[in-house]
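What's in entry_21.tsv: TSV, C-alpha atoms and all ligand atoms
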```tsv
chain	number	residue	atom	x	y	z
Q	868	MET	CA	15.79	43.98	8.21
Q	869	SER	CA	17.88	46.53	10.14
Q	870	LEU	CA	19.22	47.83	6.85
Q	871	SER	CA	16.40	49.20	4.72
Q	872	GLU	CA	15.93	47.59	1.32
Q	873	PHE	CA	16.87	50.89	-0.27
Q	874	GLU	CA	20.13	51.17	1.73
Q	875	LEU	CA	20.99	47.57	1.02
Q	876	ILE	CA	20.60	48.01	-2.73
Q	877	GLU	CA	22.45	51.33	-2.70
Q	878	ARG	CA	25.32	49.93	-0.64
Q	879	TYR	CA	25.86	46.58	-2.26
Q	880	PHE	CA	24.34	46.48	-5.70
Q	881	CYS	CA	24.64	49.93	-7.25
Q	882	ARG	CA	28.40	50.35	-7.06
Q	883	GLY	CA	30.69	50.07	-10.02
Q	884	LEU	CA	28.03	48.67	-12.22
Q	885	ARG	CA	27.36	51.42	-14.73
Q	886	ILE	CA	29.61	49.87	-17.28
Q	887	ARG	CA	27.56	49.62	-20.47
Q	888	ASP	CA	26.37	52.41	-22.70
Q	889	ASP	CA	23.52	50.29	-24.09
Q	890	VAL	CA	21.73	50.51	-20.72
Q	891	VAL	CA	19.08	53.22	-21.12
Q	892	LEU	CA	17.67	52.77	-17.59
Q	893	GLY	CA	19.32	50.73	-14.86
Q	894	ILE	CA	18.72	50.24	-11.13
Q	895	GLY	CA	16.34	52.83	-9.70
Q	896	ASP	CA	13.32	52.61	-11.98
Q	897	ASP	CA	10.58	49.99	-11.96
Q	898	ALA	CA	12.03	48.33	-15.04
Q	899	GLY	CA	15.38	48.27	-16.78
Q	900	VAL	CA	15.61	49.46	-20.39
Q	901	VAL	CA	18.36	48.33	-22.76
Q	902	ARG	CA	19.19	48.85	-26.40
Q	903	VAL	CA	19.48	45.71	-28.54
Q	904	ARG	CA	21.79	45.91	-31.55
Q	905	ALA	CA	20.16	45.75	-34.97
Q	906	GLY	CA	20.32	42.30	-36.56
Q	907	HIS	CA	20.51	40.58	-33.19
Q	908	GLU	CA	18.11	38.53	-31.08
Q	909	LEU	CA	17.68	38.84	-27.32
Q	910	VAL	CA	18.60	35.64	-25.44
Q	911	SER	CA	17.57	35.18	-21.81
Q	912	ALA	CA	18.59	32.57	-19.24
Q	913	ILE	CA	17.74	32.16	-15.56
Q	914	ALA	CA	19.13	30.24	-12.59
Q	915	THR	CA	17.87	29.90	-9.01
Q	916	LEU	CA	20.25	28.74	-6.30
Q	917	SER	CA	19.57	27.91	-2.68
Q	918	ALA	CA	21.69	26.44	0.11
Q	919	ALA	CA	20.83	22.98	-1.23
Q	920	SER	CA	22.06	23.53	-4.82
Q	921	PRO	CA	25.01	21.43	-6.07
Q	922	GLY	CA	28.39	23.07	-5.46
Q	923	VAL	CA	26.94	25.72	-3.13
Q	924	ASN	CA	28.29	26.67	0.28
Q	925	ILE	CA	26.42	29.71	1.57
Q	926	ARG	CA	29.03	30.15	4.32
Q	927	ARG	CA	31.37	31.27	1.56
Q	928	PRO	CA	29.32	34.21	0.27
Q	929	ARG	CA	31.85	35.51	-2.24
Q	930	GLU	CA	31.99	32.12	-3.96
Q	931	PHE	CA	28.21	31.84	-3.67
Q	932	GLY	CA	27.63	35.25	-5.30
Q	933	HIS	CA	30.02	34.29	-8.06
Q	934	ARG	CA	28.33	30.94	-8.59
Q	935	CYS	CA	24.83	32.45	-8.78
Q	936	LEU	CA	25.81	34.64	-11.72
Q	937	ALA	CA	28.12	32.03	-13.24
Q	938	THR	CA	25.34	29.42	-13.30
Q	939	ALA	CA	22.94	31.69	-15.21
Q	940	LEU	CA	25.82	32.76	-17.46
Q	941	ASN	CA	26.75	29.20	-18.36
Q	942	ARG	CA	23.15	28.52	-19.31
Q	943	LEU	CA	23.13	31.57	-21.54
Q	944	ALA	CA	26.54	30.57	-22.88
Q	945	ALA	CA	25.19	27.23	-24.14
Q	946	SER	CA	23.25	29.23	-26.75
Q	947	GLY	CA	26.40	30.95	-27.98
Q	948	ALA	CA	25.01	34.34	-26.93
Q	949	GLU	CA	27.13	37.21	-25.67
Q	950	PRO	CA	25.94	38.26	-22.18
Q	951	HIS	CA	25.21	41.95	-21.53
Q	952	TRP	CA	22.72	42.53	-18.71
Q	953	THR	CA	21.59	40.86	-15.53
Q	954	THR	CA	18.82	41.15	-12.93
Q	955	LEU	CA	18.87	39.72	-9.42
Q	956	ALA	CA	16.09	38.50	-7.13
Q	957	LEU	CA	17.42	38.14	-3.62
Q	958	THR	CA	15.47	36.51	-0.79
Q	959	LEU	CA	17.31	36.75	2.51
Q	960	PRO	CA	16.39	35.65	6.04
Q	961	ARG	CA	18.18	38.76	7.39
Q	962	ALA	CA	20.46	41.55	6.16
Q	963	GLU	CA	23.87	40.46	7.42
Q	964	GLU	CA	26.32	43.06	6.17
Q	965	PRO	CA	29.62	41.10	6.02
Q	966	TRP	CA	27.78	38.35	4.18
Q	967	LEU	CA	26.14	40.79	1.76
Q	968	LYS	CA	29.41	42.57	1.15
Q	969	ALA	CA	31.19	39.35	0.19
Q	970	PHE	CA	28.23	38.03	-1.80
Q	971	SER	CA	27.86	41.23	-3.84
Q	972	ARG	CA	31.61	41.32	-4.43
Q	973	GLY	CA	31.61	37.79	-5.85
Q	974	LEU	CA	28.78	38.70	-8.16
Q	975	ARG	CA	30.19	42.10	-9.12
Q	976	ASP	CA	33.73	40.87	-9.87
Q	977	LEU	CA	32.39	38.33	-12.34
Q	978	ALA	CA	29.95	40.85	-13.85
Q	979	GLU	CA	32.79	43.32	-14.41
Q	980	ARG	CA	35.03	40.66	-15.93
Q	981	GLU	CA	32.31	39.68	-18.38
Q	982	GLU	CA	31.20	43.31	-18.96
Q	983	ILE	CA	27.71	42.65	-17.73
Q	984	GLN	CA	25.64	45.33	-16.02
Q	985	LEU	CA	23.18	44.69	-13.19
Q	986	ILE	CA	20.07	46.61	-14.30
Q	987	GLY	CA	17.55	45.75	-11.59
Q	988	GLY	CA	16.20	43.22	-9.19
Q	989	ASP	CA	14.05	42.66	-6.17
Q	990	THR	CA	14.91	42.07	-2.52
Q	991	THR	CA	12.64	40.25	-0.12
Q	992	ARG	CA	12.82	38.57	3.26
Q	993	GLY	CA	12.49	34.79	3.56
Q	994	PRO	CA	14.51	31.57	3.35
Q	995	LEU	CA	17.67	32.22	1.32
Q	996	ALA	CA	17.17	31.98	-2.44
Q	997	VAL	CA	18.89	33.80	-5.27
Q	998	THR	CA	17.55	34.06	-8.79
Q	999	VAL	CA	19.72	35.56	-11.51
Q	1000	VAL	CA	18.55	36.38	-15.01
Q	1001	VAL	CA	21.19	37.05	-17.63
Q	1002	ASP	CA	20.23	38.60	-20.95
Q	1003	GLY	CA	22.46	38.68	-23.99
Q	1004	THR	CA	22.37	38.87	-27.73
Q	1005	VAL	CA	23.21	36.67	-30.67
Q	1006	PRO	CA	23.26	37.52	-34.39
Q	1007	SER	CA	19.75	36.71	-35.67
Q	1008	GLY	CA	19.24	33.01	-36.33
Q	1009	LYS	CA	22.66	32.03	-34.95
Q	1010	ALA	CA	21.75	30.79	-31.45
Q	1011	VAL	CA	23.05	27.28	-30.76
Q	1012	ARG	CA	20.08	25.17	-29.69
Q	1013	CYS	CA	19.69	21.85	-27.91
Q	1014	ASP	CA	17.67	20.23	-30.70
Q	1015	GLY	CA	20.14	20.16	-33.58
Q	1016	ALA	CA	22.20	17.00	-32.88
Q	1017	ARG	CA	22.29	14.59	-35.85
Q	1018	PRO	CA	23.35	10.92	-36.15
Q	1019	GLY	CA	27.09	10.74	-36.85
Q	1020	ASP	CA	27.90	13.94	-34.92
Q	1021	LEU	CA	30.61	13.72	-32.25
Q	1022	VAL	CA	29.86	14.51	-28.60
Q	1023	PHE	CA	32.29	16.81	-26.75
Q	1024	VAL	CA	32.44	18.15	-23.22
Q	1025	THR	CA	34.47	21.04	-21.89
Q	1026	GLY	CA	36.35	20.03	-18.78
Q	1027	PRO	CA	37.34	19.12	-16.21
Q	1028	MET	CA	34.22	17.50	-14.82
Q	1029	GLY	CA	33.47	16.95	-11.17
Q	1030	SER	CA	34.88	20.25	-9.88
Q	1031	ALA	CA	31.55	21.25	-8.30
Q	1032	ARG	CA	31.55	17.94	-6.44
Q	1033	ASP	CA	35.14	18.62	-5.36
Q	1034	ALA	CA	34.11	22.03	-4.05
Q	1035	ARG	CA	31.30	20.48	-2.08
Q	1036	GLY	CA	33.58	17.70	-0.83
Q	1037	ARG	CA	35.92	20.26	0.63
Q	1038	THR	CA	33.01	22.30	1.88
Q	1039	LEU	CA	31.82	19.48	4.09
Q	1040	VAL	CA	35.21	19.46	5.80
Q	1041	GLU	CA	35.75	23.21	5.95
Q	1042	SER	CA	32.40	24.67	6.93
Q	1043	ARG	CA	32.67	25.21	10.67
Q	1044	PRO	CA	30.52	27.76	12.49
Q	1045	GLN	CA	33.49	30.07	13.17
Q	1046	ALA	CA	34.33	30.34	9.46
Q	1047	THR	CA	34.07	34.05	8.70
Q	1048	ALA	CA	32.14	35.26	5.71
Q	1049	GLY	CA	34.33	36.19	2.77
Q	1050	LYS	CA	37.65	35.56	4.51
Q	1051	ARG	CA	39.11	33.30	1.86
Q	1052	THR	CA	40.48	35.31	-0.99
Q	1053	SER	CA	42.03	32.79	-3.33
Q	1054	GLY	CA	39.69	30.96	-5.64
Q	1055	SER	CA	40.26	27.85	-7.72
Q	1056	ARG	CA	38.25	26.72	-10.71
Q	1057	ALA	CA	36.06	24.78	-8.26
Q	1058	ASP	CA	35.52	27.83	-6.01
Q	1059	LEU	CA	35.10	30.46	-8.71
Q	1060	PRO	CA	34.20	28.53	-11.86
Q	1061	VAL	CA	34.55	30.44	-15.12
Q	1062	PRO	CA	31.44	30.07	-17.28
Q	1063	ARG	CA	32.25	28.91	-20.82
Q	1064	VAL	CA	31.04	32.08	-22.55
Q	1065	ARG	CA	33.87	32.63	-25.09
Q	1066	CYS	CA	34.08	28.93	-25.89
Q	1067	ALA	CA	30.39	28.74	-26.73
Q	1068	MET	CA	30.55	31.90	-28.84
Q	1069	ALA	CA	33.30	30.21	-30.86
Q	1070	LEU	CA	30.99	27.22	-31.43
Q	1071	ARG	CA	28.37	29.34	-33.23
Q	1072	GLY	CA	27.95	28.11	-36.78
Q	1073	ARG	CA	29.97	24.95	-35.96
Q	1074	ALA	CA	28.23	22.99	-33.19
Q	1075	SER	CA	24.96	21.31	-34.18
Q	1076	ALA	CA	23.69	21.45	-30.56
Q	1077	ALA	CA	24.90	22.43	-27.11
Q	1078	CYS	CA	23.73	22.29	-23.50
Q	1079	ASP	CA	24.78	23.50	-20.06
Q	1080	LEU	CA	25.99	20.67	-17.80
Q	1081	SER	CA	24.97	22.12	-14.43
Q	1082	PRO	CA	22.04	19.66	-14.12
Q	1083	GLY	CA	24.60	16.80	-14.34
Q	1084	LEU	CA	26.02	15.24	-17.49
Q	1085	SER	CA	23.58	12.41	-18.03
Q	1086	THR	CA	20.50	14.53	-17.24
Q	1087	ALA	CA	21.60	17.36	-19.53
Q	1088	VAL	CA	22.74	15.12	-22.38
Q	1089	GLU	CA	19.59	12.99	-22.27
Q	1090	ALA	CA	17.49	16.15	-22.55
Q	1091	MET	CA	19.55	17.37	-25.51
Q	1092	LEU	CA	19.34	14.01	-27.30
Q	1093	SER	CA	15.64	13.75	-26.71
Q	1094	ALA	CA	15.06	17.30	-28.02
Q	1095	SER	CA	17.05	16.33	-31.13
Q	1096	ALA	CA	15.15	12.99	-31.49
Q	1097	VAL	CA	18.43	11.04	-31.52
Q	1098	GLY	CA	20.49	8.89	-29.11
Q	1099	ALA	CA	24.19	8.50	-28.33
Q	1100	THR	CA	26.91	6.20	-27.10
Q	1101	LEU	CA	29.25	7.79	-24.55
Q	1102	TYR	CA	32.57	6.39	-23.33
Q	1103	PRO	CA	32.64	7.28	-19.60
Q	1104	ASP	CA	36.33	6.53	-19.13
Q	1105	ARG	CA	37.16	9.34	-21.56
Q	1106	LEU	CA	35.51	11.87	-19.25
Q	1107	PRO	CA	37.93	14.57	-18.17
Q	1108	SER	CA	37.45	14.28	-14.42
Q	1109	THR	CA	39.37	16.30	-11.83
Q	1110	ALA	CA	40.24	13.12	-9.92
Q	1111	PRO	CA	42.00	10.18	-11.57
Q	1112	LEU	CA	39.80	7.15	-12.13
Q	1113	ASP	CA	41.34	4.86	-9.54
Q	1114	HIS	CA	39.65	1.81	-10.95
Q	1115	PRO	CA	38.08	1.37	-14.33
Q	1116	GLY	CA	34.35	0.94	-14.59
Q	1117	ILE	CA	31.18	2.80	-15.24
Q	1118	SER	CA	30.12	3.09	-11.63
Q	1119	ARG	CA	33.18	5.16	-10.71
Q	1120	SER	CA	32.75	7.36	-13.76
Q	1121	GLN	CA	29.12	7.80	-12.97
Q	1122	ARG	CA	29.98	9.00	-9.50
Q	1123	LEU	CA	32.54	11.43	-10.90
Q	1124	GLY	CA	30.78	13.04	-13.74
Q	1125	LEU	CA	27.70	11.42	-15.11
Q	1126	SER	CA	25.29	12.16	-12.32
Q	1127	ALA	CA	26.95	14.99	-10.36
Q	1128	GLY	CA	25.40	18.41	-10.89
Q	1129	GLY	CA	26.81	21.91	-10.61
Q	1130	ASP	CA	29.66	21.71	-13.12
Q	1131	LEU	CA	29.75	24.90	-15.17
Q	1132	GLU	CA	30.78	23.12	-18.34
Q	1133	LEU	CA	29.16	22.57	-21.71
Q	1134	CYS	CA	28.36	19.55	-23.82
Q	1135	PHE	CA	28.17	20.06	-27.56
Q	1136	THR	CA	27.75	17.99	-30.67
Q	1137	LEU	CA	29.81	18.58	-33.76
Q	1138	PRO	CA	29.48	17.34	-37.34
Q	1139	ARG	CA	32.59	15.21	-38.08
Q	1140	ASP	CA	33.96	17.65	-40.65
Q	1141	GLU	CA	34.16	20.34	-37.95
Q	1142	ARG	CA	36.36	18.20	-35.68
Q	1143	GLY	CA	39.74	19.27	-37.09
Q	1144	GLY	CA	39.51	22.94	-36.20
Q	1145	ILE	CA	37.61	22.78	-32.96
Q	1146	GLU	CA	40.15	21.39	-30.53
Q	1147	ALA	CA	42.74	24.02	-31.49
Q	1148	LEU	CA	40.07	26.71	-31.43
Q	1149	VAL	CA	38.88	25.99	-27.90
Q	1150	ALA	CA	42.44	25.32	-26.68
Q	1151	GLY	CA	43.25	28.84	-27.93
Q	1152	LEU	CA	40.64	30.04	-25.42
Q	1153	GLY	CA	42.29	28.09	-22.61
Q	1154	VAL	CA	39.51	25.50	-22.53
Q	1155	ILE	CA	39.88	21.75	-22.88
Q	1156	ALA	CA	37.30	19.98	-25.06
Q	1157	THR	CA	37.21	16.20	-24.95
Q	1158	GLU	CA	35.44	13.92	-27.40
Q	1159	ILE	CA	33.39	11.51	-25.29
Q	1160	GLY	CA	31.07	9.78	-27.74
Q	1161	GLU	CA	28.92	9.90	-30.85
Q	1162	VAL	CA	25.35	10.64	-31.77
Q	1163	GLU	CA	23.26	7.80	-33.21
Q	1164	ALA	CA	19.81	7.49	-34.72
Q	1165	THR	CA	18.60	5.06	-32.03
Q	1166	PRO	CA	17.11	7.08	-29.14
Q	1167	GLY	CA	18.57	6.78	-25.62
Q	1168	LEU	CA	21.93	7.18	-23.92
Q	1169	ARG	CA	24.25	4.16	-23.98
Q	1170	LEU	CA	27.48	3.89	-21.97
Q	1171	ARG	CA	30.38	1.77	-23.15
Q	1172	LEU	CA	33.93	1.30	-21.90
Q	1173	ASP	CA	36.65	1.77	-24.54
Q	1201	LIG	P1	9.87	48.29	-5.28
Q	1201	LIG	O1	9.55	49.07	-4.08
Q	1201	LIG	O2	9.13	48.69	-6.51
Q	1201	LIG	O3	9.88	46.80	-5.04
Q	1201	LIG	P2	12.59	48.18	-4.89
Q	1201	LIG	O4	12.83	49.06	-3.71
Q	1201	LIG	O5	12.49	46.73	-4.69
Q	1201	LIG	O6	11.33	48.70	-5.63
Q	1201	LIG	O7	13.72	48.43	-5.93
Q	1201	LIG	C1	14.24	49.71	-6.20
Q	1201	LIG	C2	15.19	49.58	-7.35
Q	1201	LIG	O8	16.26	48.70	-6.99
Q	1201	LIG	C3	14.56	48.96	-8.59
Q	1201	LIG	O9	15.15	49.59	-9.72
Q	1201	LIG	C4	14.97	47.52	-8.53
Q	1201	LIG	O10	15.08	46.99	-9.85
Q	1201	LIG	C5	16.33	47.61	-7.84
Q	1201	LIG	N1	16.65	46.42	-7.03
Q	1201	LIG	C6	15.96	45.90	-5.98
Q	1201	LIG	N2	16.60	44.84	-5.46
Q	1201	LIG	C7	17.72	44.67	-6.20
Q	1201	LIG	C8	18.79	43.74	-6.18
Q	1201	LIG	N3	18.86	42.76	-5.28
Q	1201	LIG	N4	19.76	43.88	-7.12
Q	1201	LIG	C9	19.70	44.84	-8.02
Q	1201	LIG	N5	18.74	45.76	-8.10
Q	1201	LIG	C10	17.74	45.68	-7.20
Q	1202	MG	MG	11.20	45.37	-4.17
```
Write the structure described by the file as structure tokens, please.
Amino acid sequence: MSLSEFELIERYFCRGLRIRDDVVLGIGDDAGVVRVRAGHELVSAIATLSAASPGVNIRRPREFGHRCLATALNRLAASGAEPHWTTLALTLPRAEEPWLKAFSRGLRDLAEREEIQLIGGDTTRGPLAVTVVVDGTVPSGKAVRCDGARPGDLVFVTGPMGSARDARGRTLVESRPQATAGKRTSGSRADLPVPRVRCAMALRGRASAACDLSPGLSTAVEAMLSASAVGATLYPDRLPSTAPLDHPGISRSQRLGLSAGGDLELCFTLPRDERGGIEALVAGLGVIATEIGEVEATPGLRLRLD
């Protein structure tokens, strides 16, 4: 790389990131050191993105940088943890400065908004891959897990669904070779998705289980149901998709939300007596939560039209 690894880190990843006083040692030492509050547990989540990941367009580096952190954050969020620190493993074919500038800005803007500090990483040369670890904390014993769903619970998703697919749909049209890195400044939910951190924190002590939907709704929900040793019936035409369902039917819904990956939304299950408060609670956070089905004792995922 023309830019040395040291210069690259100094230029793009050290700036504006000393924002937390619980970081004892940040970038510069072999390992980061942080202080964990008494009575809390450390929660850690990781995401790796490449050019082939759902919702990714590496020709839009600001959005890509944002999405790398947002994906790890949404995974952490599913546990109800509050994010504090992040580390970044960056594998790049070459050090292209405009690209790095926009990428690091996308990542940094989101980190600042969520008050997360980058405390270390590693930079290597090779085919593009980005791994982000986000660490956070949760009051001891209060993490929301994927194995707590019980028969009779209601299934909710945050929405809208299908925005990652929309982003990619547009990407296929927009990505021409002359497109300049980082030129676009405006960002929609699909371009700069907001991970559901506050929403999930509000679900602590209420939701019986939760999972991140970036693997795709059916994949993620099946894993959650199987971990909980239960099943569910979902009503696909209740799914809050970004595009109207132009004809009713499971196949259309499946294309929109059930199998698409990359949506930074959450699915959670809720005991019925928690239903009353939850919609108002999440709406107060500017998030829409839609009831899409119910948990049953019989294992497996069943789809039914209303
Ligand atoms: P080493 O020679 O031990 O691999 P590096 O030069 O890779 O050390 O890293 C120097 C410092 O910069 C370390 O504190 C490391 O955590 C940090 N660092 C390296 N790459 C990144 C990155 N992409 N983002 C954030 N910090 C990084
Ligand atoms: Mg290194």
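Remark: for ligand MG 1202 (chain Q), the closest of the candidate residues Q:Gly988, Q:Pro1082, Q:Pro950, Q:Gly1151 is Q:Gly988 (distances computed over all atoms listed in the file).
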Show me a table, sorted first by chain and then by increasing residue number, of the residues of range 890-984 of chain Q having an atom at most 12 Å from range 1134-1149 of chain Q, each with its shortest atom pair and the distance in Å to one decimal, counting only C-alpha atoms and written as a tab-separated table.
```
residue	atom	partner	partner_atom	distance
Q:Asn941	CA	Q:Cys1134	CA	11.2
Q:Arg942	CA	Q:Cys1134	CA	11.3
Q:Ala944	CA	Q:Cys1134	CA	11.2
Q:Ala945	CA	Q:Cys1134	CA	8.3
Q:Ser946	CA	Q:Phe1135	CA	10.4
Q:Gly947	CA	Q:Phe1135	CA	11.0
```
Environment of ligand MG 1202 (chain Q) within 7 Å, counting all atoms listed in the file, reported as a list in words: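 Here is the list of contacting residues: Asp989, Thr990 and Thr991 of chain Q.
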Could you save the residues just selected, with C-alpha atoms, as a PDB file, in the coordinates of the input?
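Saved to out_38.pdb:
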```
ATOM      1  CA  ASP Q 989      14.050  42.660  -6.170  1.00  0.00           C
ATOM      2  CA  THR Q 990      14.910  42.070  -2.520  1.00  0.00           C
ATOM      3  CA  THR Q 991      12.640  40.250  -0.120  1.00  0.00           C
TER       4      THR Q 991
END
```
Point (15.9, 39.6, -8.2), cut-off 9 Å, counting only C-alpha atoms, residues as a list in words: Thr954, Leu955, Ala956, Leu957, Thr958, Gly987, Gly988, Asp989, Thr990, Thr991, Val997, Thr998, Val999 and Val1000 of chain Q
Which residue of Q:Arg980, Q:Arg904, Q:Arg927, Q:Arg972 approaches Val1061 in chain Q most closely, using all atoms listed in the file: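 Of the candidates, the smallest distance to Val1061 in chain Q is held by Q:Arg980.
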Quick one: which chain Q residues come within 12 Å of ligand LIG 1201 (chain Q), and what is the nearest atom pair for each with the distance in Å to one decimal, counting all atoms listed in the file, rows ordered by chain and ascending number, as JSON lines?
```
{"residue": "Q:Ser871", "atom": "CA", "partner": "Q:LIG1201", "partner_atom": "O4", "distance": 9.2}
{"residue": "Q:Glu872", "atom": "CA", "partner": "Q:LIG1201", "partner_atom": "O4", "distance": 6.1}
{"residue": "Q:Phe873", "atom": "CA", "partner": "Q:LIG1201", "partner_atom": "O4", "distance": 5.6}
{"residue": "Q:Glu874", "atom": "CA", "partner": "Q:LIG1201", "partner_atom": "O4", "distance": 9.3}
{"residue": "Q:Leu875", "atom": "CA", "partner": "Q:LIG1201", "partner_atom": "N3", "distance": 8.2}
{"residue": "Q:Ile876", "atom": "CA", "partner": "Q:LIG1201", "partner_atom": "C7", "distance": 5.6}
{"residue": "Q:Glu877", "atom": "CA", "partner": "Q:LIG1201", "partner_atom": "O8", "distance": 8.0}
{"residue": "Q:Arg878", "atom": "CA", "partner": "Q:LIG1201", "partner_atom": "N4", "distance": 10.5}
{"residue": "Q:Tyr879", "atom": "CA", "partner": "Q:LIG1201", "partner_atom": "N4", "distance": 8.3}
{"residue": "Q:Phe880", "atom": "CA", "partner": "Q:LIG1201", "partner_atom": "C9", "distance": 5.4}
{"residue": "Q:Cys881", "atom": "CA", "partner": "Q:LIG1201", "partner_atom": "C9", "distance": 7.1}
{"residue": "Q:Arg882", "atom": "CA", "partner": "Q:LIG1201", "partner_atom": "C9", "distance": 10.3}
{"residue": "Q:Leu884", "atom": "CA", "partner": "Q:LIG1201", "partner_atom": "C9", "distance": 10.1}
{"residue": "Q:Leu892", "atom": "CA", "partner": "Q:LIG1201", "partner_atom": "O9", "distance": 8.9}
{"residue": "Q:Gly893", "atom": "CA", "partner": "Q:LIG1201", "partner_atom": "O9", "distance": 6.7}
{"residue": "Q:Ile894", "atom": "CA", "partner": "Q:LIG1201", "partner_atom": "O9", "distance": 3.9}
{"residue": "Q:Gly895", "atom": "CA", "partner": "Q:LIG1201", "partner_atom": "O9", "distance": 3.5}
{"residue": "Q:Asp896", "atom": "CA", "partner": "Q:LIG1201", "partner_atom": "O9", "distance": 4.2}
{"residue": "Q:Asp897", "atom": "CA", "partner": "Q:LIG1201", "partner_atom": "O9", "distance": 5.1}
{"residue": "Q:Ala898", "atom": "CA", "partner": "Q:LIG1201", "partner_atom": "O10", "distance": 6.2}
{"residue": "Q:Gly899", "atom": "CA", "partner": "Q:LIG1201", "partner_atom": "O10", "distance": 7.1}
{"residue": "Q:Val900", "atom": "CA", "partner": "Q:LIG1201", "partner_atom": "O9", "distance": 10.7}
{"residue": "Q:Gly932", "atom": "CA", "partner": "Q:LIG1201", "partner_atom": "N3", "distance": 11.5}
{"residue": "Q:Leu936", "atom": "CA", "partner": "Q:LIG1201", "partner_atom": "N4", "distance": 12.0}
{"residue": "Q:Trp952", "atom": "CA", "partner": "Q:LIG1201", "partner_atom": "C9", "distance": 11.3}
{"residue": "Q:Thr953", "atom": "CA", "partner": "Q:LIG1201", "partner_atom": "C9", "distance": 8.7}
{"residue": "Q:Thr954", "atom": "CA", "partner": "Q:LIG1201", "partner_atom": "C9", "distance": 6.2}
{"residue": "Q:Leu955", "atom": "CA", "partner": "Q:LIG1201", "partner_atom": "N4", "distance": 4.8}
{"residue": "Q:Ala956", "atom": "CA", "partner": "Q:LIG1201", "partner_atom": "N3", "distance": 5.4}
{"residue": "Q:Leu957", "atom": "CA", "partner": "Q:LIG1201", "partner_atom": "N3", "distance": 5.1}
{"residue": "Q:Thr958", "atom": "CA", "partner": "Q:LIG1201", "partner_atom": "N3", "distance": 8.4}
{"residue": "Q:Leu959", "atom": "CA", "partner": "Q:LIG1201", "partner_atom": "N3", "distance": 10.0}
{"residue": "Q:Ala962", "atom": "CA", "partner": "Q:LIG1201", "partner_atom": "N3", "distance": 11.6}
{"residue": "Q:Leu967", "atom": "CA", "partner": "Q:LIG1201", "partner_atom": "N3", "distance": 10.3}
{"residue": "Q:Phe970", "atom": "CA", "partner": "Q:LIG1201", "partner_atom": "N3", "distance": 11.1}
{"residue": "Q:Ser971", "atom": "CA", "partner": "Q:LIG1201", "partner_atom": "N4", "distance": 9.1}
{"residue": "Q:Leu974", "atom": "CA", "partner": "Q:LIG1201", "partner_atom": "N4", "distance": 10.5}
{"residue": "Q:Arg975", "atom": "CA", "partner": "Q:LIG1201", "partner_atom": "N4", "distance": 10.8}
{"residue": "Q:Gln984", "atom": "CA", "partner": "Q:LIG1201", "partner_atom": "C9", "distance": 10.0}
{"residue": "Q:Leu985", "atom": "CA", "partner": "Q:LIG1201", "partner_atom": "C9", "distance": 6.2}
{"residue": "Q:Ile986", "atom": "CA", "partner": "Q:LIG1201", "partner_atom": "N5", "distance": 6.4}
{"residue": "Q:Gly987", "atom": "CA", "partner": "Q:LIG1201", "partner_atom": "O10", "distance": 3.3}
{"residue": "Q:Gly988", "atom": "CA", "partner": "Q:LIG1201", "partner_atom": "C10", "distance": 3.5}
{"residue": "Q:Asp989", "atom": "CA", "partner": "Q:LIG1201", "partner_atom": "N2", "distance": 3.4}
{"residue": "Q:Thr990", "atom": "CA", "partner": "Q:LIG1201", "partner_atom": "N2", "distance": 4.4}
{"residue": "Q:Thr991", "atom": "CA", "partner": "Q:LIG1201", "partner_atom": "O5", "distance": 7.9}
{"residue": "Q:Arg992", "atom": "CA", "partner": "Q:LIG1201", "partner_atom": "N3", "distance": 11.3}
{"residue": "Q:Ala996", "atom": "CA", "partner": "Q:LIG1201", "partner_atom": "N3", "distance": 11.3}
{"residue": "Q:Val997", "atom": "CA", "partner": "Q:LIG1201", "partner_atom": "N3", "distance": 9.0}
{"residue": "Q:Thr998", "atom": "CA", "partner": "Q:LIG1201", "partner_atom": "N3", "distance": 9.5}
{"residue": "Q:Val999", "atom": "CA", "partner": "Q:LIG1201", "partner_atom": "N4", "distance": 9.4}
{"residue": "Q:Val1000", "atom": "CA", "partner": "Q:LIG1201", "partner_atom": "N4", "distance": 11.0}
```
Exercise: Ala1099 in chain Q partners within 10 Å, only C-alpha atoms, chain neighbours under 6 positions left out, as a PyMOL selection string: chain Q and resi 1016-1022+1088-1089+1092+1160-1170
Write the selection just made, keeping C-alpha atoms, as a tab-separated table (two decimals), keeping the file's coordinate frame?
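Saved file out_4.tsv follows:
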```tsv
chain	number	residue	atom	x	y	z
Q	1016	ALA	CA	22.20	17.00	-32.88
Q	1017	ARG	CA	22.29	14.59	-35.85
Q	1018	PRO	CA	23.35	10.92	-36.15
Q	1019	GLY	CA	27.09	10.74	-36.85
Q	1020	ASP	CA	27.90	13.94	-34.92
Q	1021	LEU	CA	30.61	13.72	-32.25
Q	1022	VAL	CA	29.86	14.51	-28.60
Q	1088	VAL	CA	22.74	15.12	-22.38
Q	1089	GLU	CA	19.59	12.99	-22.27
Q	1092	LEU	CA	19.34	14.01	-27.30
Q	1160	GLY	CA	31.07	9.78	-27.74
Q	1161	GLU	CA	28.92	9.90	-30.85
Q	1162	VAL	CA	25.35	10.64	-31.77
Q	1163	GLU	CA	23.26	7.80	-33.21
Q	1164	ALA	CA	19.81	7.49	-34.72
Q	1165	THR	CA	18.60	5.06	-32.03
Q	1166	PRO	CA	17.11	7.08	-29.14
Q	1167	GLY	CA	18.57	6.78	-25.62
Q	1168	LEU	CA	21.93	7.18	-23.92
Q	1169	ARG	CA	24.25	4.16	-23.98
Q	1170	LEU	CA	27.48	3.89	-21.97
```
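Between CA of Asp1058 in chain Q and CA of Val1001 in chain Q there is a distance of 20.6 Å.
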Taking all atoms of range 940-959 of chain Q that appear in the file, build a box with edges along x, y and z, extend it by 6 Å on every side, and state its centre and edge lengths in Å to one decimal, as AutoDock Vina command-line options.
```
--center_x 21.3 --center_y 34.9 --center_z -12.7 --size_x 23.7 --size_y 27.3 --size_z 42.5
```
